[in-house]
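**Student:** For reference, the file run18.csv (CSV, C-alpha atoms) is included below:
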```csv
chain,number,residue,atom,x,y,z
A,14,MET,CA,113.6,88.5,74.6
A,15,LEU,CA,113.8,91.7,76.6
A,16,SER,CA,110.4,93.2,77.5
A,17,ARG,CA,109.5,96.0,79.7
A,18,SER,CA,106.3,96.9,81.5
A,19,PRO,CA,104.4,99.9,80.1
A,20,LEU,CA,105.1,101.9,83.3
A,21,THR,CA,108.9,101.5,83.1
A,22,GLY,CA,109.3,104.1,80.4
A,23,ARG,CA,107.0,106.5,82.3
A,24,ARG,CA,109.2,106.2,85.5
A,25,LEU,CA,112.3,106.9,83.5
A,26,ARG,CA,110.7,109.9,81.8
A,27,ALA,CA,109.6,111.2,85.2
A,28,LEU,CA,113.1,110.9,86.6
A,29,ALA,CA,114.5,112.7,83.5
A,30,PHE,CA,111.9,115.5,83.9
A,31,CYS,CA,112.9,116.0,87.5
A,32,GLY,CA,116.5,116.2,86.4
A,33,ALA,CA,115.7,118.9,83.9
A,34,LEU,CA,114.0,120.9,86.6
A,35,LEU,CA,117.1,120.8,88.7
A,36,LEU,CA,119.5,122.0,86.0
A,37,PRO,CA,118.8,125.7,86.5
A,38,VAL,CA,119.0,125.6,90.3
A,39,ARG,CA,121.3,128.3,91.6
A,40,ALA,CA,124.2,127.3,93.8
A,41,ALA,CA,123.0,129.5,96.7
A,42,SER,CA,119.7,127.6,96.9
A,43,ALA,CA,120.6,124.1,95.6
A,44,GLN,CA,119.4,122.0,98.5
A,45,LEU,CA,117.4,119.5,96.4
A,46,ALA,CA,119.3,116.5,95.1
A,47,LEU,CA,118.2,113.9,92.5
A,48,THR,CA,120.1,110.6,92.0
A,49,VAL,CA,119.5,107.7,89.7
A,50,PHE,CA,121.1,104.3,90.3
A,51,GLY,CA,122.0,101.2,88.5
A,52,GLY,CA,123.1,98.0,90.2
A,53,SER,CA,121.7,94.8,91.6
A,54,SER,CA,120.6,93.0,94.8
A,55,PHE,CA,121.3,89.8,96.7
A,56,SER,CA,118.3,88.2,98.4
A,57,LEU,CA,118.8,86.0,101.4
A,58,PRO,CA,117.0,82.7,101.7
A,59,THR,CA,113.6,83.4,103.3
A,60,PRO,CA,110.4,81.3,104.1
A,61,LEU,CA,107.9,81.2,101.3
A,62,THR,CA,104.3,80.0,101.8
A,63,ILE,CA,101.9,79.3,99.0
A,64,LYS,CA,98.2,78.7,99.7
A,65,GLN,CA,96.0,77.4,96.9
A,66,ASP,CA,92.4,76.3,97.2
A,67,GLY,CA,91.9,72.6,97.3
A,68,PHE,CA,95.5,71.7,98.0
A,69,ASP,CA,97.9,71.5,100.9
A,70,ASP,CA,99.9,74.6,101.7
A,71,LEU,CA,103.5,74.7,100.4
A,72,HIS,CA,106.1,75.8,103.0
A,73,PHE,CA,109.8,76.0,102.0
A,74,THR,CA,112.9,78.1,102.2
A,75,ALA,CA,113.0,80.1,99.0
A,76,HIS,CA,116.2,81.1,97.1
A,77,TYR,CA,116.1,84.0,94.7
A,78,ARG,CA,118.1,85.6,92.0
A,79,THR,CA,117.7,89.2,90.8
A,80,ARG,CA,118.7,88.9,87.1
A,81,PRO,CA,119.1,92.7,86.9
A,82,PHE,CA,119.1,92.9,83.0
A,83,TYR,CA,116.6,90.1,82.2
A,84,GLU,CA,113.0,90.9,81.2
A,85,THR,CA,113.1,94.3,82.9
A,86,TYR,CA,115.9,96.3,84.5
A,87,TYR,CA,116.8,96.6,88.1
A,88,TYR,CA,117.3,100.3,89.0
A,89,ALA,CA,116.7,102.8,91.8
A,90,GLY,CA,116.3,106.5,92.5
A,91,ARG,CA,116.4,109.0,95.3
A,92,VAL,CA,115.0,112.5,95.8
A,93,ALA,CA,116.5,114.3,98.8
A,94,LEU,CA,115.6,117.7,100.3
A,95,TRP,CA,118.6,118.8,102.4
A,96,GLY,CA,118.0,121.2,105.3
A,97,LYS,CA,120.0,122.6,108.2
A,98,HIS,CA,122.6,120.5,110.0
A,99,ASN,CA,123.2,118.3,106.9
A,100,ASN,CA,119.9,116.4,107.4
A,101,ALA,CA,117.4,115.5,104.7
A,102,TRP,CA,114.0,114.2,104.0
A,103,ILE,CA,114.2,111.5,101.3
A,104,PHE,CA,112.1,109.5,98.9
A,105,ASP,CA,113.6,106.3,97.6
A,106,TYR,CA,112.4,104.1,94.9
A,107,THR,CA,113.9,100.6,94.2
A,108,HIS,CA,112.8,98.5,91.3
A,109,HIS,CA,113.7,95.2,93.1
A,110,LYS,CA,113.2,91.8,91.4
A,111,VAL,CA,113.0,88.2,92.7
A,112,TYR,CA,113.1,85.0,90.7
A,113,LEU,CA,112.6,81.8,92.6
A,114,THR,CA,115.5,79.4,91.8
A,115,ASN,CA,114.6,76.3,93.9
A,116,PRO,CA,110.9,75.6,93.2
A,117,PRO,CA,109.4,72.4,94.4
A,118,PRO,CA,107.7,70.1,91.9
A,119,GLU,CA,104.3,71.8,92.4
A,120,VAL,CA,105.7,75.2,91.3
A,121,GLN,CA,106.5,75.6,87.6
A,122,ALA,CA,107.3,79.4,87.8
A,123,PHE,CA,107.3,82.0,90.5
A,124,ARG,CA,108.7,85.5,90.1
A,125,ILE,CA,108.1,89.1,90.9
A,126,THR,CA,110.0,90.8,88.1
A,127,PHE,CA,108.1,93.8,86.8
A,128,GLY,CA,108.8,94.8,90.3
A,129,TYR,CA,109.0,94.0,93.9
A,130,ASN,CA,108.7,97.8,93.8
A,131,GLN,CA,109.8,99.5,97.1
A,132,PHE,CA,108.7,103.1,97.9
A,133,ALA,CA,110.4,104.4,101.0
A,134,PHE,CA,110.1,107.8,102.8
A,135,GLY,CA,112.5,108.7,105.6
A,136,ARG,CA,115.6,110.7,106.7
A,137,ALA,CA,119.2,110.9,105.6
A,138,PHE,CA,122.1,112.3,107.6
A,139,TYR,CA,125.5,113.5,106.2
A,140,ARG,CA,128.2,112.8,108.7
A,141,HIS,CA,132.0,112.6,108.2
A,142,GLY,CA,131.7,112.3,104.5
A,143,LEU,CA,129.1,109.6,104.5
A,144,ILE,CA,125.3,109.6,103.9
A,145,TRP,CA,123.3,107.4,106.3
A,146,SER,CA,119.6,106.8,105.7
A,147,LEU,CA,116.6,105.1,107.2
A,148,ALA,CA,113.3,104.9,105.4
A,149,ALA,CA,110.1,102.9,105.2
A,150,GLY,CA,107.0,102.6,103.0
A,151,PRO,CA,104.8,100.5,100.8
A,152,VAL,CA,105.7,97.7,98.3
A,153,VAL,CA,103.8,97.5,95.0
A,154,ALA,CA,104.4,94.1,93.5
A,155,ASN,CA,103.8,92.7,90.0
A,156,PRO,CA,103.8,88.9,90.4
A,157,TYR,CA,103.8,86.0,87.9
A,158,SER,CA,103.3,82.4,88.8
A,159,GLU,CA,102.3,78.9,87.7
A,160,ILE,CA,101.4,76.6,90.5
A,161,ARG,CA,100.3,73.1,89.9
A,162,GLY,CA,99.7,73.9,86.3
A,163,GLN,CA,97.5,76.9,87.1
A,164,LEU,CA,98.8,80.1,85.6
A,165,ARG,CA,98.5,83.5,87.2
A,166,PRO,CA,99.9,86.1,84.7
A,167,HIS,CA,100.8,89.8,85.2
A,168,SER,CA,97.3,91.1,85.7
A,169,GLY,CA,95.0,92.9,88.1
A,170,GLY,CA,95.4,96.4,89.6
A,171,PRO,CA,94.9,99.7,87.8
A,172,TRP,CA,94.3,99.2,84.1
A,173,ASN,CA,95.0,95.5,84.6
A,174,SER,CA,98.7,96.4,84.6
A,175,GLY,CA,99.5,93.8,87.3
A,176,TYR,CA,100.7,96.4,89.9
A,177,LEU,CA,99.2,95.6,93.3
A,178,LEU,CA,99.7,97.3,96.7
A,179,SER,CA,101.1,94.2,98.4
A,180,GLY,CA,103.0,95.0,101.6
A,181,GLY,CA,105.7,97.2,103.1
A,182,THR,CA,109.5,97.7,103.4
A,183,LEU,CA,112.0,99.0,105.9
A,184,GLN,CA,115.4,100.1,104.6
A,185,GLY,CA,118.7,101.3,106.0
A,186,GLY,CA,121.4,102.7,103.8
A,187,LEU,CA,125.0,104.0,103.6
A,188,SER,CA,126.5,105.9,100.7
A,189,LYS,CA,129.5,107.9,99.7
A,190,GLN,CA,129.2,110.8,97.3
A,191,PHE,CA,131.9,112.2,95.0
A,192,ARG,CA,131.5,115.6,93.4
A,193,LEU,CA,132.5,115.8,89.7
A,194,PHE,CA,131.9,119.5,89.3
A,195,TYR,CA,129.0,121.4,90.8
A,196,PRO,CA,126.2,120.6,90.7
A,197,PHE,CA,126.9,117.0,89.4
A,198,PHE,CA,128.1,114.1,91.4
A,199,VAL,CA,128.5,110.3,91.4
A,200,VAL,CA,127.7,108.1,94.4
A,201,ALA,CA,128.4,104.5,95.6
A,202,ASP,CA,125.4,103.3,97.6
A,203,SER,CA,124.5,100.2,99.7
A,204,ARG,CA,121.1,99.4,101.3
A,205,VAL,CA,119.6,96.6,103.3
A,206,SER,CA,115.8,96.1,102.9
A,207,LEU,CA,113.5,94.1,105.1
A,208,SER,CA,110.2,93.6,103.2
A,209,TYR,CA,107.0,91.6,103.3
A,210,VAL,CA,104.3,91.2,100.7
A,211,GLN,CA,101.3,89.0,100.0
A,212,VAL,CA,100.7,88.4,96.3
A,213,PRO,CA,98.0,86.5,94.4
A,214,VAL,CA,98.5,83.1,92.7
A,215,SER,CA,95.8,81.2,90.8
A,216,ASN,CA,93.1,80.4,93.3
A,217,GLY,CA,95.2,81.5,96.3
A,218,HIS,CA,98.0,83.7,97.5
A,219,ALA,CA,101.7,83.6,98.5
A,220,ASN,CA,103.4,85.2,101.5
A,221,VAL,CA,106.7,86.5,100.3
A,222,PRO,CA,109.1,88.1,102.8
A,223,ASN,CA,112.4,89.3,101.5
A,224,VAL,CA,115.7,90.4,103.0
A,225,ALA,CA,118.0,91.9,100.5
A,226,LEU,CA,121.4,93.7,100.2
A,227,HIS,CA,121.3,96.3,97.4
A,228,LEU,CA,124.5,97.6,95.8
A,229,HIS,CA,124.2,100.7,93.6
A,230,PHE,CA,126.3,103.1,91.6
A,231,GLY,CA,124.6,106.4,90.7
A,232,VAL,CA,124.8,109.8,89.2
A,233,GLY,CA,123.1,112.9,90.5
A,234,ILE,CA,122.6,116.6,90.5
A,235,GLY,CA,122.1,119.2,93.2
A,236,GLY,CA,122.7,119.0,97.0
A,237,PRO,CA,124.5,121.3,99.4
A,238,ARG,CA,127.5,122.9,97.8
A,239,HIS,CA,129.4,123.4,101.1
A,240,TRP,CA,130.1,119.6,101.2
A,241,ASP,CA,132.8,120.3,98.6
A,242,ALA,CA,134.7,122.6,100.9
A,243,SER,CA,134.2,120.5,104.1
A,244,PRO,CA,133.6,116.9,103.2
A,245,GLY,CA,133.9,115.8,106.8
A,246,SER,CA,131.2,118.0,108.2
```
Would you mind giving the structure from this file in structure tokens?
**Tutor:**
Amino acid sequence: MLSRSPLTGRRLRALAFCGALLLPVRAASAQLALTVFGGSSFSLPTPLTIKQDGFDDLHFTAHYRTRPFYETYYYAGRVALWGKHNNAWIFDYTHHKVYLTNPPPEVQAFRITFGYNQFAFGRAFYRHGLIWSLAAGPVVANPYSEIRGQLRPHSGGPWNSGYLLSGGTLQGGLSKQFRLFYPFFVVADSRVSLSYVQVPVSNGHANVPNVALHLHFGVGIGGPRHWDASPGS
């Protein structure tokens, strides 16, 4: 059965509110762009270490699936402030998810599904019709696990919501924007993220690095209007 964390609706409402603020922006001053994305991600196999009091450590190569529509949705967003020379300051948010698919016998469940939430701040550059980006920032994770029969549910953090500041991420991206009619556009987006988090398990913790390719399709509003006249600038 589909369920969503209580903060998911708040994030969507916040993005919608930002979009409403952008609607009246005049063409002459529309340098702020907001984009929302759907899509999915593909995580490469990476080492996973689980440390639990009273037991030997577990070390193995973890394989993950994203399951973008299961339990809670995979989605992403970007706010970009474009300045001179077609360069921008950006804030990216990616609601990344990981489900362990090759658990050893000691692991009954391991997933970070209400978010391996990546917040990244950085720069974007519009060159020859493409948007290149590089950003970094914190990861807020919401883990769930059952190790050796010991359950660690979604819990802890503010208001016992399960959201915990857990690590960091570095991201590089490449996207192509297509203007529908000013100020609206659609965009195809790809990103690679290199991330590392440490999350709690019952009576211990897990070290969970992640390397992922993210593929997105998005809709947006705003941005420099002169791109329409000179897409190769």
**Student:** Counting only C-alpha atoms, figure out which residue out of A:Pro213, A:Pro151, A:Pro116, A:Gly169 gets nearest to Lys64 (chain A).
**Tutor:**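 Ranking A:Pro213, A:Pro151, A:Pro116, A:Gly169 by distance to Lys64 (chain A), first place goes to A:Pro213.
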**Student:** Rank nothing, just name the residue among A:Arg136, A:His218, A:His229, A:Lys189 nearest to Ser203 (chain A), using all atoms listed in the file.
**Tutor:**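 That would be A:His229, the residue with the smallest distance to Ser203 (chain A).
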**Student:** Select, from A:Ile63, A:Ala122, A:Leu177, A:Leu228, the residue with the minimum atom-to-atom distance to Tyr157 (chain A), counting only C-alpha atoms.
**Tutor:**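 Smallest separation from Tyr157 (chain A) among the options: A:Ala122.
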**Student:** Need to verify the contact set: Arg80 (chain A), 12 Å, only C-alpha atoms, exclusion of same-chain residues closer than 4 positions in sequence. Can you return it as number ranges by chain?
**Tutor:** A: 15, 52-56, 84-88, 109-114, 124-128
**Student:** Would you kindly return, as JSON, numbers by chain, each protein, DNA or RNA residue with an atom no farther than 9 Å from any atom of Ile160 (chain A), considering only C-alpha atoms and excluding same-chain residues fewer than 5 positions away?
**Tutor:** {"A": [63, 65, 119, 120, 121, 122, 123, 165, 214, 215]}
**Student:** What lies within 9 Å of Gly90 (chain A) using only C-alpha atoms, ignoring chain neighbours under 2 positions off, as an mmCIF file with C-alpha atoms, keeping the file's coordinate frame?
**Tutor:**
```cif
data_model
loop_
_atom_site.group_PDB
_atom_site.id
_atom_site.type_symbol
_atom_site.label_atom_id
_atom_site.label_comp_id
_atom_site.auth_asym_id
_atom_site.auth_seq_id
_atom_site.Cartn_x
_atom_site.Cartn_y
_atom_site.Cartn_z
ATOM 1 C CA LEU A 28 113.100 110.900 86.600
ATOM 2 C CA LEU A 47 118.200 113.900 92.500
ATOM 3 C CA THR A 48 120.100 110.600 92.000
ATOM 4 C CA VAL A 49 119.500 107.700 89.700
ATOM 5 C CA PHE A 50 121.100 104.300 90.300
ATOM 6 C CA GLY A 51 122.000 101.200 88.500
ATOM 7 C CA TYR A 88 117.300 100.300 89.000
ATOM 8 C CA VAL A 92 115.000 112.500 95.800
ATOM 9 C CA PHE A 104 112.100 109.500 98.900
ATOM 10 C CA ASP A 105 113.600 106.300 97.600
ATOM 11 C CA TYR A 106 112.400 104.100 94.900
ATOM 12 C CA THR A 107 113.900 100.600 94.200
ATOM 13 C CA HIS A 108 112.800 98.500 91.300
ATOM 14 C CA GLY A 231 124.600 106.400 90.700
#
```
**Student:** I'd like to know which of A:Trp172, A:Ala133, A:Ala219, A:Asn115 is closest to Asp66 (chain A), using all atoms listed in the file.
**Tutor:** A:Ala219
**Student:** At what distance in Å, to one decimal, does CA of Val152 (chain A) lie from CA of Ile103 (chain A)?
**Tutor:**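 So the two atoms, CA of Ile103 (chain A) and CA of Val152 (chain A), lie 16.5 Å apart.
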**Student:** Just want the 7 Å neighbourhood of Val221 (chain A), counted on only C-alpha atoms, with same-chain residues fewer than 5 positions away dropped. Output as an NGL selection string.
**Tutor:** :A and (61 or 209-211)
**Student:** From the set A:Ser168, A:Arg91, A:Pro118, A:Val205, which residue has the shortest atom-to-atom contact distance to Phe73 (chain A), counting all atoms listed in the file?
**Tutor:**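 The closest residue to Phe73 (chain A) is A:Pro118.
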**Student:** Which one of A:Phe138, A:Ala75, A:Asn99, A:Ser208 sits closest to Thr62 (chain A) if you count only C-alpha atoms?
**Tutor:**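 The answer is A:Ala75, which sits nearest to Thr62 (chain A).
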**Student:** One decimal, in Å: what's the spacing between CA of Asn155 (chain A) and CA of Phe134 (chain A)?
**Tutor:**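 A separation of 20.8 Å between them.
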**Student:** Go ahead and compute the interatomic distance for CA of Leu178 (chain A) and CA of Gln131 (chain A), in Å to one decimal.
**Tutor:**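 Computing it gives 10.3 Å between the two atoms.
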